[in-house]
Amino acid sequence: MRRIESIKKKGIYFAVTADGEEYRGITADAIAECKIKCGGIAEKDFDNFVAVNDYYRAKQYLFDMLARKPRTLKEAERKLREKKFMPESIRKSVALATEYGYISDERYAEDYVEAGSRTKGAYRLKAELRKKGVSAEHIERALAELTKEDEDECALRLAAKRLKREPDEKDIERTLRYLAARGISYDAAKRAVRALVDNPELFDEVF
């Protein structure tokens, strides 16, 4: 049996003192759902109250985070674990965010490829999305929207920023390595460099 001695407002949250120990960061939702008031409370009911509050805090943290920046499912779960939320709170809050459409790895991959395709090739985009925990199926579907022309435009844009207007062989090799590091295929990189070498006026057109 536990005894709740006081419930005090502390900013946007409450502080609950039970058996001389103060529990901060208590949400109004948790207090209302568990019908918390001063007096005796069974140990299991108090433990449930702590778990319910943890879930409300996890959900609020997650939704605030997603409002600032989209996250993949893996990223969202990792952030919540880093904040030491309970496993069940993480599971429930992530499930709710997914149900509402606030977390969607499919949409994340599509938006990531669309935004990154001007400065990165398919290989780089694929590697970055895999690191973020996006499934191979979602990645391949998003990359399928890219055409050969998209890659050639990206390669030409990147090469024009790196290649000298009168390049020597070393400069060409450095540029090809740079394009490879940006995820551009070797064939697309060669086409871009060759186009700039043969048509120097393209430097101005690209910029």
# chains A, B, ... in the order shown; residues from 1 in each chain; ligands from 1
call {"tool": "residues_around", "arguments": {"residues": "Asp47 (chain A)", "least_positions_apart": "4", "cutoff": "12 Å", "atoms": "only C-alpha atoms", "output": "PyMOL selection string"}}
result
chain A and resi 1-2+18+30+34+36+41-43+51-54
call {"tool": "residues_around", "arguments": {"residues": "Gly39 (chain A)", "least_positions_apart": "2", "cutoff": "8 Å", "atoms": "only C-alpha atoms", "output": "MDAnalysis selection string"}}
result
chainID A and resid 3:5 37 41
call {"tool": "residues_around", "arguments": {"residues": "Gly133 (chain A)", "least_positions_apart": "2", "cutoff": "7 Å", "atoms": "only C-alpha atoms", "output": "ChimeraX atom specification"}}
result
/A:72,74,129-131,135
call {"tool": "atom_distance", "arguments": {"atom1": "CA of Phe203 (chain A)", "atom2": "CA of Ala160 (chain A)"}}
result
5.6 Å
call {"tool": "select_by_dssp", "arguments": {"residues": "region 20-205 of chain A", "states": "alpha helix (DSSP H)", "output": "mmCIF file with N, CA and C atoms, in the first residue's frame"}}
result
data_model
loop_
_atom_site.group_PDB
_atom_site.id
_atom_site.type_symbol
_atom_site.label_atom_id
_atom_site.label_comp_id
_atom_site.auth_asym_id
_atom_site.auth_seq_id
_atom_site.Cartn_x
_atom_site.Cartn_y
_atom_site.Cartn_z
ATOM 1 N N ALA A 28 -1.492 15.769 -16.429
ATOM 2 C CA ALA A 28 -2.882 15.854 -15.975
ATOM 3 C C ALA A 28 -3.683 14.663 -16.498
ATOM 4 N N ASP A 29 -3.353 14.193 -17.699
ATOM 5 C CA ASP A 29 -4.065 13.053 -18.285
ATOM 6 C C ASP A 29 -3.887 11.794 -17.435
ATOM 7 N N ALA A 30 -2.657 11.577 -16.959
ATOM 8 C CA ALA A 30 -2.398 10.395 -16.139
ATOM 9 C C ALA A 30 -3.144 10.481 -14.806
ATOM 10 N N ILE A 31 -3.149 11.662 -14.212
ATOM 11 C CA ILE A 31 -3.866 11.854 -12.947
ATOM 12 C C ILE A 31 -5.356 11.601 -13.129
ATOM 13 N N ALA A 32 -5.905 12.136 -14.221
ATOM 14 C CA ALA A 32 -7.338 11.975 -14.468
ATOM 15 C C ALA A 32 -7.686 10.525 -14.785
ATOM 16 N N GLU A 33 -6.898 9.877 -15.660
ATOM 17 C CA GLU A 33 -7.198 8.500 -16.066
ATOM 18 C C GLU A 33 -7.121 7.537 -14.879
ATOM 19 N N GLU A 43 -0.403 -0.774 -4.229
ATOM 20 C CA GLU A 43 0.902 -0.738 -4.904
ATOM 21 C C GLU A 43 0.753 -0.952 -6.406
ATOM 22 N N LYS A 44 -0.071 -1.929 -6.788
ATOM 23 C CA LYS A 44 -0.232 -2.217 -8.226
ATOM 24 C C LYS A 44 -0.901 -1.054 -8.944
ATOM 25 N N ASP A 45 -1.809 -0.359 -8.279
ATOM 26 C CA ASP A 45 -2.468 0.796 -8.896
ATOM 27 C C ASP A 45 -1.495 1.963 -9.044
ATOM 28 N N PHE A 46 -0.610 2.107 -8.076
ATOM 29 C CA PHE A 46 0.391 3.175 -8.177
ATOM 30 C C PHE A 46 1.372 2.866 -9.301
ATOM 31 N N ASP A 47 1.785 1.603 -9.404
ATOM 32 C CA ASP A 47 2.698 1.204 -10.490
ATOM 33 C C ASP A 47 2.038 1.438 -11.850
ATOM 34 N N ASN A 48 0.751 1.150 -11.935
ATOM 35 C CA ASN A 48 0.022 1.386 -13.179
ATOM 36 C C ASN A 48 -0.021 2.882 -13.499
ATOM 37 N N PHE A 49 -0.220 3.699 -12.478
ATOM 38 C CA PHE A 49 -0.224 5.155 -12.652
ATOM 39 C C PHE A 49 1.110 5.646 -13.207
ATOM 40 N N VAL A 50 2.202 5.132 -12.679
ATOM 41 C CA VAL A 50 3.540 5.507 -13.173
ATOM 42 C C VAL A 50 3.700 5.111 -14.641
ATOM 43 N N ALA A 51 3.210 3.917 -14.992
ATOM 44 C CA ALA A 51 3.320 3.440 -16.375
ATOM 45 C C ALA A 51 2.450 4.267 -17.316
ATOM 46 N N VAL A 52 1.244 4.604 -16.875
ATOM 47 C CA VAL A 52 0.343 5.424 -17.689
ATOM 48 C C VAL A 52 0.957 6.799 -17.932
ATOM 49 N N ASN A 53 1.547 7.368 -16.889
ATOM 50 C CA ASN A 53 2.176 8.681 -17.044
ATOM 51 C C ASN A 53 3.363 8.610 -18.005
ATOM 52 N N ASP A 54 4.118 7.528 -17.903
ATOM 53 C CA ASP A 54 5.259 7.343 -18.800
ATOM 54 C C ASP A 54 4.795 7.309 -20.250
ATOM 55 N N TYR A 55 3.679 6.654 -20.505
ATOM 56 C CA TYR A 55 3.142 6.591 -21.869
ATOM 57 C C TYR A 55 2.731 7.980 -22.364
ATOM 58 N N TYR A 56 2.026 8.743 -21.524
ATOM 59 C CA TYR A 56 1.612 10.077 -21.942
ATOM 60 C C TYR A 56 2.818 10.975 -22.221
ATOM 61 N N ARG A 57 3.860 10.836 -21.407
ATOM 62 C CA ARG A 57 5.066 11.627 -21.633
ATOM 63 C C ARG A 57 5.767 11.201 -22.927
ATOM 64 N N ALA A 58 5.828 9.895 -23.165
ATOM 65 C CA ALA A 58 6.460 9.382 -24.378
ATOM 66 C C ALA A 58 5.704 9.841 -25.623
ATOM 67 N N LYS A 59 4.392 9.762 -25.555
ATOM 68 C CA LYS A 59 3.569 10.180 -26.695
ATOM 69 C C LYS A 59 3.770 11.662 -26.991
ATOM 70 N N GLN A 60 3.777 12.485 -25.944
ATOM 71 C CA GLN A 60 3.962 13.923 -26.138
ATOM 72 C C GLN A 60 5.333 14.236 -26.718
ATOM 73 N N TYR A 61 6.349 13.566 -26.183
ATOM 74 C CA TYR A 61 7.710 13.778 -26.686
ATOM 75 C C TYR A 61 7.804 13.386 -28.158
ATOM 76 N N LEU A 62 7.222 12.243 -28.499
ATOM 77 C CA LEU A 62 7.278 11.763 -29.876
ATOM 78 C C LEU A 62 6.543 12.692 -30.828
ATOM 79 N N PHE A 63 5.350 13.093 -30.472
ATOM 80 C CA PHE A 63 4.563 13.938 -31.362
ATOM 81 C C PHE A 63 5.201 15.312 -31.535
ATOM 82 N N ASP A 64 5.778 15.848 -30.471
ATOM 83 C CA ASP A 64 6.491 17.128 -30.584
ATOM 84 C C ASP A 64 7.688 16.985 -31.514
ATOM 85 N N MET A 65 8.407 15.874 -31.399
ATOM 86 C CA MET A 65 9.569 15.622 -32.239
ATOM 87 C C MET A 65 9.179 15.497 -33.705
ATOM 88 N N LEU A 66 8.089 14.790 -33.970
ATOM 89 C CA LEU A 66 7.642 14.601 -35.348
ATOM 90 C C LEU A 66 7.109 15.885 -35.951
ATOM 91 N N ALA A 67 6.618 16.788 -35.118
ATOM 92 C CA ALA A 67 6.132 18.074 -35.618
ATOM 93 C C ALA A 67 7.295 18.934 -36.122
ATOM 94 N N ARG A 68 8.469 18.715 -35.538
ATOM 95 C CA ARG A 68 9.643 19.486 -35.948
ATOM 96 C C ARG A 68 10.324 18.891 -37.179
ATOM 97 N N LEU A 73 10.586 4.980 -38.561
ATOM 98 C CA LEU A 73 10.172 4.191 -37.408
ATOM 99 C C LEU A 73 11.369 3.871 -36.511
ATOM 100 N N LYS A 74 12.465 3.464 -37.116
ATOM 101 C CA LYS A 74 13.666 3.115 -36.360
ATOM 102 C C LYS A 74 14.206 4.316 -35.603
ATOM 103 N N GLU A 75 14.226 5.483 -36.239
ATOM 104 C CA GLU A 75 14.728 6.691 -35.590
ATOM 105 C C GLU A 75 13.844 7.081 -34.406
ATOM 106 N N ALA A 76 12.523 6.992 -34.603
ATOM 107 C CA ALA A 76 11.588 7.355 -33.533
ATOM 108 C C ALA A 76 11.785 6.446 -32.320
ATOM 109 N N GLU A 77 11.888 5.157 -32.553
ATOM 110 C CA GLU A 77 12.078 4.209 -31.454
ATOM 111 C C GLU A 77 13.404 4.463 -30.737
ATOM 112 N N ARG A 78 14.443 4.756 -31.503
ATOM 113 C CA ARG A 78 15.754 5.006 -30.891
ATOM 114 C C ARG A 78 15.725 6.254 -30.010
ATOM 115 N N LYS A 79 15.080 7.306 -30.491
ATOM 116 C CA LYS A 79 14.997 8.546 -29.711
ATOM 117 C C LYS A 79 14.254 8.317 -28.397
ATOM 118 N N LEU A 80 13.194 7.540 -28.447
ATOM 119 C CA LEU A 80 12.425 7.261 -27.234
ATOM 120 C C LEU A 80 13.211 6.393 -26.258
ATOM 121 N N ARG A 81 13.963 5.445 -26.792
ATOM 122 C CA ARG A 81 14.800 4.615 -25.914
ATOM 123 C C ARG A 81 15.869 5.457 -25.231
ATOM 124 N N GLU A 82 16.436 6.417 -25.987
ATOM 125 C CA GLU A 82 17.464 7.285 -25.416
ATOM 126 C C GLU A 82 16.917 8.119 -24.259
ATOM 127 N N PRO A 87 9.511 0.309 -22.437
ATOM 128 C CA PRO A 87 9.270 -0.371 -23.711
ATOM 129 C C PRO A 87 7.810 -0.332 -24.161
ATOM 130 N N GLU A 88 6.886 -0.545 -23.228
ATOM 131 C CA GLU A 88 5.472 -0.534 -23.596
ATOM 132 C C GLU A 88 5.016 0.859 -24.005
ATOM 133 N N SER A 89 5.552 1.883 -23.373
ATOM 134 C CA SER A 89 5.225 3.263 -23.743
ATOM 135 C C SER A 89 5.724 3.564 -25.151
ATOM 136 N N ILE A 90 6.903 3.074 -25.466
ATOM 137 C CA ILE A 90 7.476 3.267 -26.799
ATOM 138 C C ILE A 90 6.615 2.563 -27.843
ATOM 139 N N ARG A 91 6.268 1.320 -27.554
ATOM 140 C CA ARG A 91 5.466 0.550 -28.506
ATOM 141 C C ARG A 91 4.129 1.233 -28.783
ATOM 142 N N LYS A 92 3.452 1.644 -27.733
ATOM 143 C CA LYS A 92 2.124 2.240 -27.886
ATOM 144 C C LYS A 92 2.176 3.611 -28.571
ATOM 145 N N SER A 93 3.130 4.441 -28.193
ATOM 146 C CA SER A 93 3.198 5.779 -28.777
ATOM 147 C C SER A 93 3.592 5.731 -30.248
ATOM 148 N N VAL A 94 4.512 4.829 -30.595
ATOM 149 C CA VAL A 94 4.925 4.682 -31.995
ATOM 150 C C VAL A 94 3.777 4.100 -32.826
ATOM 151 N N ALA A 95 3.053 3.149 -32.251
ATOM 152 C CA ALA A 95 1.911 2.559 -32.956
ATOM 153 C C ALA A 95 0.851 3.622 -33.232
ATOM 154 N N LEU A 96 0.620 4.493 -32.256
ATOM 155 C CA LEU A 96 -0.376 5.547 -32.436
ATOM 156 C C LEU A 96 0.068 6.540 -33.511
ATOM 157 N N ALA A 97 1.338 6.931 -33.488
ATOM 158 C CA ALA A 97 1.860 7.863 -34.482
ATOM 159 C C ALA A 97 1.794 7.262 -35.887
ATOM 160 N N THR A 98 2.037 5.968 -35.981
ATOM 161 C CA THR A 98 1.950 5.283 -37.271
ATOM 162 C C THR A 98 0.504 5.219 -37.746
ATOM 163 N N GLU A 99 -0.403 4.926 -36.823
ATOM 164 C CA GLU A 99 -1.824 4.861 -37.160
ATOM 165 C C GLU A 99 -2.323 6.200 -37.685
ATOM 166 N N ASP A 105 7.387 5.172 -43.136
ATOM 167 C CA ASP A 105 8.671 4.951 -43.797
ATOM 168 C C ASP A 105 8.545 5.047 -45.310
ATOM 169 N N GLU A 106 7.410 4.653 -45.839
ATOM 170 C CA GLU A 106 7.198 4.733 -47.287
ATOM 171 C C GLU A 106 7.219 6.183 -47.745
ATOM 172 N N ARG A 107 6.450 7.024 -47.055
ATOM 173 C CA ARG A 107 6.422 8.444 -47.427
ATOM 174 C C ARG A 107 7.763 9.115 -47.145
ATOM 175 N N TYR A 108 8.400 8.703 -46.059
ATOM 176 C CA TYR A 108 9.708 9.266 -45.717
ATOM 177 C C TYR A 108 10.707 8.997 -46.843
ATOM 178 N N ALA A 109 10.725 7.761 -47.341
ATOM 179 C CA ALA A 109 11.655 7.395 -48.415
ATOM 180 C C ALA A 109 11.370 8.202 -49.680
ATOM 181 N N GLU A 110 10.110 8.358 -50.017
ATOM 182 C CA GLU A 110 9.741 9.121 -51.209
ATOM 183 C C GLU A 110 10.202 10.573 -51.099
ATOM 184 N N ASP A 111 9.945 11.189 -49.960
ATOM 185 C CA ASP A 111 10.331 12.584 -49.757
ATOM 186 C C ASP A 111 11.848 12.740 -49.707
ATOM 187 N N TYR A 112 12.516 11.766 -49.099
ATOM 188 C CA TYR A 112 13.973 11.819 -48.970
ATOM 189 C C TYR A 112 14.639 11.739 -50.345
ATOM 190 N N VAL A 113 14.142 10.848 -51.178
ATOM 191 C CA VAL A 113 14.702 10.701 -52.522
ATOM 192 C C VAL A 113 14.418 11.944 -53.362
ATOM 193 N N GLU A 114 13.205 12.453 -53.263
ATOM 194 C CA GLU A 114 12.854 13.645 -54.041
ATOM 195 C C GLU A 114 13.726 14.840 -53.654
ATOM 196 N N ALA A 115 13.946 15.021 -52.354
ATOM 197 C CA ALA A 115 14.734 16.159 -51.884
ATOM 198 C C ALA A 115 16.226 15.972 -52.139
ATOM 199 N N GLY A 116 16.698 14.720 -52.060
ATOM 200 C CA GLY A 116 18.133 14.486 -52.158
ATOM 201 C C GLY A 116 18.650 14.199 -53.550
ATOM 202 N N ALA A 122 21.725 7.575 -56.619
ATOM 203 C CA ALA A 122 20.884 6.515 -56.066
ATOM 204 C C ALA A 122 21.620 5.662 -55.047
ATOM 205 N N TYR A 123 22.898 5.376 -55.276
ATOM 206 C CA TYR A 123 23.649 4.529 -54.350
ATOM 207 C C TYR A 123 23.767 5.192 -52.971
ATOM 208 N N ARG A 124 24.027 6.492 -52.978
ATOM 209 C CA ARG A 124 24.157 7.231 -51.706
ATOM 210 C C ARG A 124 22.804 7.316 -51.001
ATOM 211 N N LEU A 125 21.760 7.623 -51.746
ATOM 212 C CA LEU A 125 20.428 7.714 -51.162
ATOM 213 C C LEU A 125 20.005 6.374 -50.559
ATOM 214 N N LYS A 126 20.297 5.297 -51.269
ATOM 215 C CA LYS A 126 19.940 3.959 -50.787
ATOM 216 C C LYS A 126 20.660 3.643 -49.487
ATOM 217 N N ALA A 127 21.958 3.945 -49.427
ATOM 218 C CA ALA A 127 22.739 3.661 -48.225
ATOM 219 C C ALA A 127 22.242 4.470 -47.036
ATOM 220 N N GLU A 128 21.907 5.725 -47.259
ATOM 221 C CA GLU A 128 21.440 6.581 -46.166
ATOM 222 C C GLU A 128 20.081 6.126 -45.650
ATOM 223 N N LEU A 129 19.205 5.734 -46.548
ATOM 224 C CA LEU A 129 17.889 5.268 -46.115
ATOM 225 C C LEU A 129 17.979 3.938 -45.373
ATOM 226 N N ARG A 130 18.867 3.070 -45.814
ATOM 227 C CA ARG A 130 19.062 1.803 -45.098
ATOM 228 C C ARG A 130 19.563 2.055 -43.681
ATOM 229 N N LYS A 131 20.464 3.033 -43.540
ATOM 230 C CA LYS A 131 20.991 3.373 -42.220
ATOM 231 C C LYS A 131 19.891 3.914 -41.310
ATOM 232 N N ALA A 136 14.008 -2.390 -47.524
ATOM 233 C CA ALA A 136 14.469 -2.454 -48.916
ATOM 234 C C ALA A 136 13.316 -2.214 -49.879
ATOM 235 N N GLU A 137 12.135 -2.707 -49.528
ATOM 236 C CA GLU A 137 10.965 -2.536 -50.393
ATOM 237 C C GLU A 137 10.623 -1.058 -50.571
ATOM 238 N N HIS A 138 10.569 -0.309 -49.482
ATOM 239 C CA HIS A 138 10.247 1.116 -49.573
ATOM 240 C C HIS A 138 11.339 1.891 -50.311
ATOM 241 N N ILE A 139 12.593 1.498 -50.077
ATOM 242 C CA ILE A 139 13.711 2.186 -50.741
ATOM 243 C C ILE A 139 13.646 1.983 -52.245
ATOM 244 N N GLU A 140 13.486 0.741 -52.659
ATOM 245 C CA GLU A 140 13.470 0.444 -54.096
ATOM 246 C C GLU A 140 12.288 1.126 -54.781
ATOM 247 N N ARG A 141 11.161 1.181 -54.103
ATOM 248 C CA ARG A 141 9.986 1.826 -54.672
ATOM 249 C C ARG A 141 10.229 3.321 -54.864
ATOM 250 N N ALA A 142 10.881 3.942 -53.888
ATOM 251 C CA ALA A 142 11.163 5.373 -53.987
ATOM 252 C C ALA A 142 12.200 5.653 -55.068
ATOM 253 N N LEU A 143 13.233 4.819 -55.134
ATOM 254 C CA LEU A 143 14.284 5.022 -56.133
ATOM 255 C C LEU A 143 13.799 4.734 -57.550
ATOM 256 N N LYS A 148 17.135 7.836 -65.640
ATOM 257 C CA LYS A 148 18.525 8.020 -66.072
ATOM 258 C C LYS A 148 18.813 9.499 -66.259
ATOM 259 N N GLU A 149 17.826 10.236 -66.739
ATOM 260 C CA GLU A 149 17.996 11.673 -66.946
ATOM 261 C C GLU A 149 18.200 12.404 -65.618
ATOM 262 N N ASP A 150 17.488 11.955 -64.580
ATOM 263 C CA ASP A 150 17.653 12.563 -63.252
ATOM 264 C C ASP A 150 19.085 12.390 -62.762
ATOM 265 N N GLU A 151 19.619 11.180 -62.928
ATOM 266 C CA GLU A 151 20.979 10.925 -62.477
ATOM 267 C C GLU A 151 21.989 11.717 -63.293
ATOM 268 N N ASP A 152 21.771 11.812 -64.600
ATOM 269 C CA ASP A 152 22.694 12.567 -65.450
ATOM 270 C C ASP A 152 22.687 14.048 -65.075
ATOM 271 N N GLU A 153 21.526 14.587 -64.771
ATOM 272 C CA GLU A 153 21.436 15.996 -64.375
ATOM 273 C C GLU A 153 22.166 16.228 -63.055
ATOM 274 N N CYS A 154 21.979 15.312 -62.112
ATOM 275 C CA CYS A 154 22.652 15.423 -60.820
ATOM 276 C C CYS A 154 24.159 15.321 -60.999
ATOM 277 N N ALA A 155 24.609 14.356 -61.790
ATOM 278 C CA ALA A 155 26.039 14.171 -62.027
ATOM 279 C C ALA A 155 26.653 15.400 -62.674
ATOM 280 N N LEU A 156 25.964 15.964 -63.644
ATOM 281 C CA LEU A 156 26.477 17.149 -64.342
ATOM 282 C C LEU A 156 26.557 18.341 -63.388
ATOM 283 N N ARG A 157 25.552 18.491 -62.547
ATOM 284 C CA ARG A 157 25.517 19.599 -61.591
ATOM 285 C C ARG A 157 26.667 19.493 -60.593
ATOM 286 N N LEU A 158 26.885 18.277 -60.073
ATOM 287 C CA LEU A 158 27.954 18.077 -59.105
ATOM 288 C C LEU A 158 29.329 18.205 -59.750
ATOM 289 N N ALA A 159 29.472 17.666 -60.939
ATOM 290 C CA ALA A 159 30.760 17.720 -61.626
ATOM 291 C C ALA A 159 31.145 19.154 -61.969
ATOM 292 N N ALA A 160 30.167 19.967 -62.336
ATOM 293 C CA ALA A 160 30.445 21.356 -62.710
ATOM 294 C C ALA A 160 30.962 22.163 -61.523
ATOM 295 N N LYS A 161 30.609 21.748 -60.314
ATOM 296 C CA LYS A 161 31.078 22.458 -59.123
ATOM 297 C C LYS A 161 32.473 22.006 -58.699
ATOM 298 N N ARG A 162 32.894 20.839 -59.159
ATOM 299 C CA ARG A 162 34.159 20.263 -58.714
ATOM 300 C C ARG A 162 35.249 20.330 -59.782
ATOM 301 N N GLU A 169 44.333 15.213 -66.118
ATOM 302 C CA GLU A 169 43.884 13.863 -65.782
ATOM 303 C C GLU A 169 43.648 13.683 -64.277
ATOM 304 N N LYS A 170 44.515 14.296 -63.457
ATOM 305 C CA LYS A 170 44.348 14.172 -62.003
ATOM 306 C C LYS A 170 43.042 14.831 -61.549
ATOM 307 N N ASP A 171 42.732 15.967 -62.136
ATOM 308 C CA ASP A 171 41.502 16.669 -61.767
ATOM 309 C C ASP A 171 40.281 15.850 -62.172
ATOM 310 N N ILE A 172 40.366 15.225 -63.334
ATOM 311 C CA ILE A 172 39.262 14.378 -63.798
ATOM 312 C C ILE A 172 39.080 13.191 -62.857
ATOM 313 N N GLU A 173 40.177 12.563 -62.445
ATOM 314 C CA GLU A 173 40.093 11.418 -61.532
ATOM 315 C C GLU A 173 39.526 11.828 -60.176
ATOM 316 N N ARG A 174 39.965 12.987 -59.684
ATOM 317 C CA ARG A 174 39.435 13.481 -58.410
ATOM 318 C C ARG A 174 37.935 13.729 -58.501
ATOM 319 N N THR A 175 37.503 14.266 -59.617
ATOM 320 C CA THR A 175 36.078 14.550 -59.817
ATOM 321 C C THR A 175 35.273 13.260 -59.895
ATOM 322 N N LEU A 176 35.806 12.268 -60.583
ATOM 323 C CA LEU A 176 35.117 10.975 -60.679
ATOM 324 C C LEU A 176 34.992 10.319 -59.308
ATOM 325 N N ARG A 177 36.039 10.423 -58.498
ATOM 326 C CA ARG A 177 35.977 9.848 -57.148
ATOM 327 C C ARG A 177 34.952 10.608 -56.295
ATOM 328 N N TYR A 178 34.906 11.916 -56.461
ATOM 329 C CA TYR A 178 33.932 12.726 -55.720
ATOM 330 C C TYR A 178 32.508 12.331 -56.085
ATOM 331 N N LEU A 179 32.266 12.156 -57.377
ATOM 332 C CA LEU A 179 30.928 11.763 -57.822
ATOM 333 C C LEU A 179 30.560 10.375 -57.301
ATOM 334 N N ALA A 180 31.532 9.478 -57.278
ATOM 335 C CA ALA A 180 31.277 8.133 -56.746
ATOM 336 C C ALA A 180 30.895 8.220 -55.263
ATOM 337 N N ALA A 181 31.584 9.099 -54.526
ATOM 338 C CA ALA A 181 31.285 9.270 -53.102
ATOM 339 C C ALA A 181 29.892 9.846 -52.890
ATOM 340 N N TYR A 186 29.274 5.017 -62.006
ATOM 341 C CA TYR A 186 30.491 5.336 -62.761
ATOM 342 C C TYR A 186 30.161 5.798 -64.178
ATOM 343 N N ASP A 187 29.190 5.158 -64.805
ATOM 344 C CA ASP A 187 28.826 5.541 -66.172
ATOM 345 C C ASP A 187 28.276 6.963 -66.222
ATOM 346 N N ALA A 188 27.404 7.308 -65.276
ATOM 347 C CA ALA A 188 26.836 8.662 -65.245
ATOM 348 C C ALA A 188 27.921 9.691 -64.949
ATOM 349 N N ALA A 189 28.859 9.338 -64.067
ATOM 350 C CA ALA A 189 29.956 10.247 -63.735
ATOM 351 C C ALA A 189 30.824 10.513 -64.961
ATOM 352 N N LYS A 190 31.145 9.453 -65.705
ATOM 353 C CA LYS A 190 31.959 9.622 -66.917
ATOM 354 C C LYS A 190 31.240 10.479 -67.944
ATOM 355 N N ARG A 191 29.937 10.264 -68.108
ATOM 356 C CA ARG A 191 29.181 11.062 -69.081
ATOM 357 C C ARG A 191 29.204 12.541 -68.702
ATOM 358 N N ALA A 192 29.063 12.828 -67.418
ATOM 359 C CA ALA A 192 29.034 14.214 -66.964
ATOM 360 C C ALA A 192 30.384 14.895 -67.194
ATOM 361 N N VAL A 193 31.447 14.221 -66.812
ATOM 362 C CA VAL A 193 32.784 14.800 -66.977
ATOM 363 C C VAL A 193 33.101 14.993 -68.458
ATOM 364 N N ARG A 194 32.772 13.988 -69.260
ATOM 365 C CA ARG A 194 33.044 14.093 -70.695
ATOM 366 C C ARG A 194 32.251 15.246 -71.311
ATOM 367 N N ALA A 195 31.014 15.424 -70.886
ATOM 368 C CA ALA A 195 30.192 16.503 -71.423
ATOM 369 C C ALA A 195 30.795 17.865 -71.095
ATOM 370 N N LEU A 196 31.319 18.026 -69.884
ATOM 371 C CA LEU A 196 31.913 19.315 -69.484
ATOM 372 C C LEU A 196 33.242 19.560 -70.192
ATOM 373 N N VAL A 197 34.017 18.502 -70.392
ATOM 374 C CA VAL A 197 35.292 18.653 -71.097
ATOM 375 C C VAL A 197 35.053 19.014 -72.560
ATOM 376 N N ASP A 198 34.094 18.371 -73.184
ATOM 377 C CA ASP A 198 33.815 18.617 -74.599
ATOM 378 C C ASP A 198 33.045 19.916 -74.828
ATOM 379 N N LEU A 202 28.839 24.416 -70.822
ATOM 380 C CA LEU A 202 27.893 23.795 -69.909
ATOM 381 C C LEU A 202 28.110 24.226 -68.455
ATOM 382 N N PHE A 203 29.347 24.640 -68.130
ATOM 383 C CA PHE A 203 29.608 25.108 -66.762
ATOM 384 C C PHE A 203 28.668 26.241 -66.378
ATOM 385 N N ASP A 204 28.505 27.180 -67.283
ATOM 386 C CA ASP A 204 27.645 28.333 -67.016
ATOM 387 C C ASP A 204 26.168 27.948 -67.040
ATOM 388 N N GLU A 205 25.811 27.029 -67.913
ATOM 389 C CA GLU A 205 24.415 26.614 -68.023
ATOM 390 C C GLU A 205 23.947 25.853 -66.782
#
call {"tool": "atom_distance", "arguments": {"atom1": "CA of Ser185 (chain A)", "atom2": "CA of Glu166 (chain A)"}}
result
23.3 Å
call {"tool": "select_by_dssp", "arguments": {"residues": "chain A", "states": "strand (DSSP E or B)", "output": "ChimeraX atom specification"}}
result
/A:2-10,13-18,21-26,39-41
